[in-house]
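Chemist: Supplied in structure tokens, the structure appears directly below.
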Amino acid sequence: GGASAAALAPSAAASWSYADGGASWDLGQCCQGSGQSPINISAATHEHSDGLTTFFGYRTWEGPVTMVNTGRALVAHLALDVGGVALGERYPQDLLHEYDAWKVLVHTPSEHTFEGQRLPLELQLFHRRRGVASESPAPGDVVVLSAGFARGGRASHLLDSLRLGGLPQEAGAQTVVNGEAPASLDF
């Protein structure tokens, strides 16, 4: 069977939540601006007014990954050569911006909405601008791809692999996931 949202949920209660869509957040907690969290992913547009094309490519990662429970999400840092996204006119010759996959965040329930609804689980794949190594890069140096997961349907090998090895149940705890065959992270 597939991984359930409950099996991937951090157990610690957060001091803030997404229950009111961010309306009660204080200034500086992503409560202003049209592109701030939380947003309705389905309503977000995918346009490049400058005519650039989005390119992406990822390789399957079969090595172990440390999963940390932050109390608000589960976080797994990735190897530097997993893959990424780029913007440009032609690949690989004419790229203007390149971003490398850096970490995965798992939110239960979803941070954002999909078609106006919160889903049981959201996986966010964070990317940093190539050459940036900071754990807190500037907003212009980050690209995030989000995928929502609903109950039912096909099992997710990716979610099963993130769960394999056990998940950290308490805030601050960590475990090693994706370390046993047939686990593999294939984005």
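The chains in the structure tokens are called A, B, ... from first to last as shown; in each chain the residues are counted from 1, and the ligands are counted from 1 in the order shown.
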Taking 2 positions as the minimum chain separation for residues in the same chain, which residues sit within 7 Å of stretch 59-61 of chain A when counting only C-alpha atoms? Answer as a list in words.

Modeler: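 Selected residues are Gly57, Gly63, Val82, Gly83, Ser184, Leu185 and Asp186 of chain A.
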
Chemist: Between A:Asn178, A:Glu62, A:Ala147, A:Arg72, which has the minimum distance to A:Phe114 (counting only C-alpha atoms)?

Modeler: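 When distances to A:Phe114 are compared using only C-alpha atoms, the smallest one comes from A:Ala147.
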
Chemist: Using only C-alpha atoms, tabulate the residues of stretch 112-160 of chain A lying at most 10 Å from any atom of stretch 75-80 of chain A, each with its closest atom pair and that distance in Å to one decimal, by chain and increasing residue number, as a tab-separated table.

Modeler:
```
residue	atom	partner	partner_atom	distance
A:Leu123	CA	A:Val75	CA	9.9
A:Gln124	CA	A:Val75	CA	9.5
A:Leu125	CA	A:Ala76	CA	9.8
A:Phe126	CA	A:His77	CA	9.4
```

Chemist: Given the selection you just returned, output its residues as a file containing all heavy atoms, formatted as a CSV table (one decimal), in the first residue's frame.

Modeler:
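Once everything was written out, this is out18.csv:
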```csv
chain,number,residue,atom,x,y,z
A,123,LEU,N,4.0,17.8,-1.0
A,123,LEU,CA,5.4,17.6,-1.1
A,123,LEU,C,6.0,18.8,-1.8
A,123,LEU,O,5.5,19.1,-2.9
A,123,LEU,CB,5.8,16.3,-1.8
A,123,LEU,CG,7.2,16.0,-1.8
A,123,LEU,CD1,7.4,14.5,-1.6
A,123,LEU,CD2,7.8,16.4,-3.2
A,124,GLN,N,6.9,19.5,-1.2
A,124,GLN,CA,7.6,20.7,-1.8
A,124,GLN,C,9.0,20.4,-2.1
A,124,GLN,O,9.7,20.0,-1.2
A,124,GLN,CB,7.5,21.9,-0.9
A,124,GLN,CG,6.0,22.3,-0.6
A,124,GLN,CD,6.0,23.4,0.4
A,124,GLN,OE1,6.9,23.7,1.1
A,124,GLN,NE2,4.8,24.0,0.5
A,125,LEU,N,9.4,20.5,-3.3
A,125,LEU,CA,10.8,20.3,-3.8
A,125,LEU,C,11.5,21.7,-3.9
A,125,LEU,O,11.1,22.4,-4.8
A,125,LEU,CB,10.8,19.5,-5.1
A,125,LEU,CG,12.2,19.1,-5.6
A,125,LEU,CD1,13.0,18.3,-4.6
A,125,LEU,CD2,12.0,18.3,-6.9
A,126,PHE,N,12.3,22.0,-3.0
A,126,PHE,CA,13.0,23.3,-3.0
A,126,PHE,C,14.3,23.2,-3.8
A,126,PHE,O,15.0,22.3,-3.8
A,126,PHE,CB,13.4,23.7,-1.5
A,126,PHE,CG,12.3,24.3,-0.8
A,126,PHE,CD1,11.2,23.6,-0.4
A,126,PHE,CD2,12.4,25.7,-0.4
A,126,PHE,CE1,10.2,24.1,0.4
A,126,PHE,CE2,11.3,26.2,0.3
A,126,PHE,CZ,10.3,25.5,0.7
```

Chemist: Using only C-alpha atoms, pick whichever of A:Leu74, A:Leu121, A:Val143, A:Met67 has the shortest atom-to-atom distance to A:Glu98.

Modeler: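 Going through A:Leu74, A:Leu121, A:Val143, A:Met67 one by one, the smallest distance to A:Glu98 is for A:Val143.
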
Chemist: Neighbours of A:Gln117 within 12 Å (only C-alpha atoms; same-chain residues fewer than 3 positions away dropped), as a list in words?

Modeler: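 Contacts, with the query itself left out: Ala19, Gly21, Pro38, Ile39, Asn40, Ile41, Ser42, Ala43, Pro109, Ser110, Glu111, His112, Thr113, Phe114, Pro120, Leu121, Glu122, Gly148, Phe149 and Ala150 of chain A.
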
Chemist: Using N, CA and C atoms, can you write the selected residues to a file as a PDB file, in the first residue's frame?

Modeler:
```
ATOM      1  N   ALA A  19      -4.880  27.114   9.265  1.00  0.00           N
ATOM      2  CA  ALA A  19      -6.320  26.904   9.369  1.00  0.00           C
ATOM      3  C   ALA A  19      -7.124  28.071   8.813  1.00  0.00           C
ATOM      4  N   GLY A  21      -5.948  30.238   6.552  1.00  0.00           N
ATOM      5  CA  GLY A  21      -5.334  30.679   5.305  1.00  0.00           C
ATOM      6  C   GLY A  21      -4.293  31.763   5.483  1.00  0.00           C
ATOM      7  N   PRO A  38      -0.147  30.973   2.413  1.00  0.00           N
ATOM      8  CA  PRO A  38      -0.511  29.911   1.480  1.00  0.00           C
ATOM      9  C   PRO A  38      -1.232  30.470   0.255  1.00  0.00           C
ATOM     10  N   ILE A  39      -1.101  29.790  -0.864  1.00  0.00           N
ATOM     11  CA  ILE A  39      -1.776  30.191  -2.101  1.00  0.00           C
ATOM     12  C   ILE A  39      -2.566  29.008  -2.644  1.00  0.00           C
ATOM     13  N   ASN A  40      -3.474  29.299  -3.569  1.00  0.00           N
ATOM     14  CA  ASN A  40      -4.191  28.246  -4.275  1.00  0.00           C
ATOM     15  C   ASN A  40      -3.331  27.877  -5.486  1.00  0.00           C
ATOM     16  N   ILE A  41      -2.649  26.742  -5.409  1.00  0.00           N
ATOM     17  CA  ILE A  41      -1.724  26.315  -6.462  1.00  0.00           C
ATOM     18  C   ILE A  41      -2.424  26.251  -7.815  1.00  0.00           C
ATOM     19  N   SER A  42      -3.654  25.768  -7.838  1.00  0.00           N
ATOM     20  CA  SER A  42      -4.389  25.604  -9.099  1.00  0.00           C
ATOM     21  C   SER A  42      -4.663  26.931  -9.786  1.00  0.00           C
ATOM     22  N   ALA A  43      -4.731  28.014  -9.024  1.00  0.00           N
ATOM     23  CA  ALA A  43      -5.013  29.324  -9.600  1.00  0.00           C
ATOM     24  C   ALA A  43      -3.738  30.049 -10.024  1.00  0.00           C
ATOM     25  N   PRO A 109      -1.612  18.678   7.066  1.00  0.00           N
ATOM     26  CA  PRO A 109      -2.164  18.705   5.721  1.00  0.00           C
ATOM     27  C   PRO A 109      -1.358  19.666   4.847  1.00  0.00           C
ATOM     28  N   SER A 110      -1.783  19.815   3.609  1.00  0.00           N
ATOM     29  CA  SER A 110      -1.043  20.654   2.667  1.00  0.00           C
ATOM     30  C   SER A 110      -0.950  22.096   3.169  1.00  0.00           C
ATOM     31  N   GLU A 111       0.172  22.738   2.856  1.00  0.00           N
ATOM     32  CA  GLU A 111       0.348  24.157   3.184  1.00  0.00           C
ATOM     33  C   GLU A 111      -0.541  24.989   2.274  1.00  0.00           C
ATOM     34  N   HIS A 112      -0.537  24.654   1.009  1.00  0.00           N
ATOM     35  CA  HIS A 112      -1.308  25.383   0.002  1.00  0.00           C
ATOM     36  C   HIS A 112      -2.599  24.632  -0.302  1.00  0.00           C
ATOM     37  N   THR A 113      -3.475  25.280  -1.077  1.00  0.00           N
ATOM     38  CA  THR A 113      -4.685  24.593  -1.517  1.00  0.00           C
ATOM     39  C   THR A 113      -4.536  24.211  -2.987  1.00  0.00           C
ATOM     40  N   PHE A 114      -5.272  23.221  -3.379  1.00  0.00           N
ATOM     41  CA  PHE A 114      -5.309  22.727  -4.754  1.00  0.00           C
ATOM     42  C   PHE A 114      -6.776  22.720  -5.157  1.00  0.00           C
ATOM     43  N   PRO A 120      -4.539  16.065   2.009  1.00  0.00           N
ATOM     44  CA  PRO A 120      -3.916  15.424   3.162  1.00  0.00           C
ATOM     45  C   PRO A 120      -2.404  15.602   3.228  1.00  0.00           C
ATOM     46  N   LEU A 121      -1.753  15.794   2.067  1.00  0.00           N
ATOM     47  CA  LEU A 121      -0.291  15.864   2.061  1.00  0.00           C
ATOM     48  C   LEU A 121       0.178  16.723   0.894  1.00  0.00           C
ATOM     49  N   GLU A 122       1.222  17.504   1.144  1.00  0.00           N
ATOM     50  CA  GLU A 122       1.867  18.292   0.082  1.00  0.00           C
ATOM     51  C   GLU A 122       3.368  18.066   0.165  1.00  0.00           C
ATOM     52  N   GLY A 148       0.468  18.074  -4.606  1.00  0.00           N
ATOM     53  CA  GLY A 148      -0.488  17.661  -3.588  1.00  0.00           C
ATOM     54  C   GLY A 148      -0.839  16.197  -3.767  1.00  0.00           C
ATOM     55  N   PHE A 149      -1.107  15.529  -2.658  1.00  0.00           N
ATOM     56  CA  PHE A 149      -1.472  14.110  -2.673  1.00  0.00           C
ATOM     57  C   PHE A 149      -2.808  13.931  -1.973  1.00  0.00           C
ATOM     58  N   ALA A 150      -3.754  13.294  -2.676  1.00  0.00           N
ATOM     59  CA  ALA A 150      -5.068  12.981  -2.121  1.00  0.00           C
ATOM     60  C   ALA A 150      -5.116  11.502  -1.763  1.00  0.00           C
TER      61      ALA A 150
END
```

Chemist: Using only C-alpha atoms, which of the listed residues (A:Tyr58, A:Val177, A:Leu159, A:Gln169) sits closest to A:Asp81?

Modeler: A:Tyr58

Chemist: What is the distance between atom CA of A:Val132 and atom CA of A:Asp100, in Å to one decimal?

Modeler: 9.3 Å

Chemist: Among stretch 45-81 of chain A, which ones does DSSP assign to strand (DSSP E or B) (computed from the backbone)? Answer as an NGL selection string.

Modeler: :A and (53-58 or 61 or 65-69 or 74-77)

Chemist: Show me, as an NGL selection string, the residues that have an atom within 12 Å of A:Thr175 when counting only C-alpha atoms, minus same-chain residues fewer than 3 positions from it.

Modeler: :A and (64-69 or 74-76 or 162-172 or 178-179)

Chemist: Could you please take those selected residues and save C-alpha atoms as a PDB file, in the first residue's frame?

Modeler:
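File produced: out.pdb:
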```
ATOM      1  CA  PRO A  64      19.940   7.174   2.315  1.00  0.00           C
ATOM      2  CA  VAL A  65      18.461  10.557   3.242  1.00  0.00           C
ATOM      3  CA  THR A  66      18.142  12.095   6.702  1.00  0.00           C
ATOM      4  CA  MET A  67      14.561  13.158   7.510  1.00  0.00           C
ATOM      5  CA  VAL A  68      14.086  15.785  10.257  1.00  0.00           C
ATOM      6  CA  ASN A  69      10.844  16.693  12.023  1.00  0.00           C
ATOM      7  CA  LEU A  74       9.302  16.891   7.682  1.00  0.00           C
ATOM      8  CA  VAL A  75      12.495  17.999   5.896  1.00  0.00           C
ATOM      9  CA  ALA A  76      14.966  15.897   3.913  1.00  0.00           C
ATOM     10  CA  LEU A 162      10.472   8.705   2.088  1.00  0.00           C
ATOM     11  CA  ARG A 163       8.681   6.658   4.756  1.00  0.00           C
ATOM     12  CA  LEU A 164      10.884   3.549   4.526  1.00  0.00           C
ATOM     13  CA  GLY A 165      13.170   3.452   7.564  1.00  0.00           C
ATOM     14  CA  GLY A 166      10.696   5.178   9.860  1.00  0.00           C
ATOM     15  CA  LEU A 167       9.789   8.820  10.257  1.00  0.00           C
ATOM     16  CA  PRO A 168      10.774  11.120  13.113  1.00  0.00           C
ATOM     17  CA  GLN A 169       7.696  11.465  15.308  1.00  0.00           C
ATOM     18  CA  GLU A 170       8.755  14.315  17.609  1.00  0.00           C
ATOM     19  CA  ALA A 171       9.960  17.832  16.814  1.00  0.00           C
ATOM     20  CA  GLY A 172      13.756  17.850  16.587  1.00  0.00           C
ATOM     21  CA  ASN A 178      15.260   5.755   1.577  1.00  0.00           C
ATOM     22  CA  GLY A 179      18.026   3.449   2.749  1.00  0.00           C
TER      23      GLY A 179
END
```

Chemist: What is the distance between atom CA of A:Pro92 and atom CA of A:Ala133, in Å to one decimal?

Modeler: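 Interatomic distance here is 22.3 Å.
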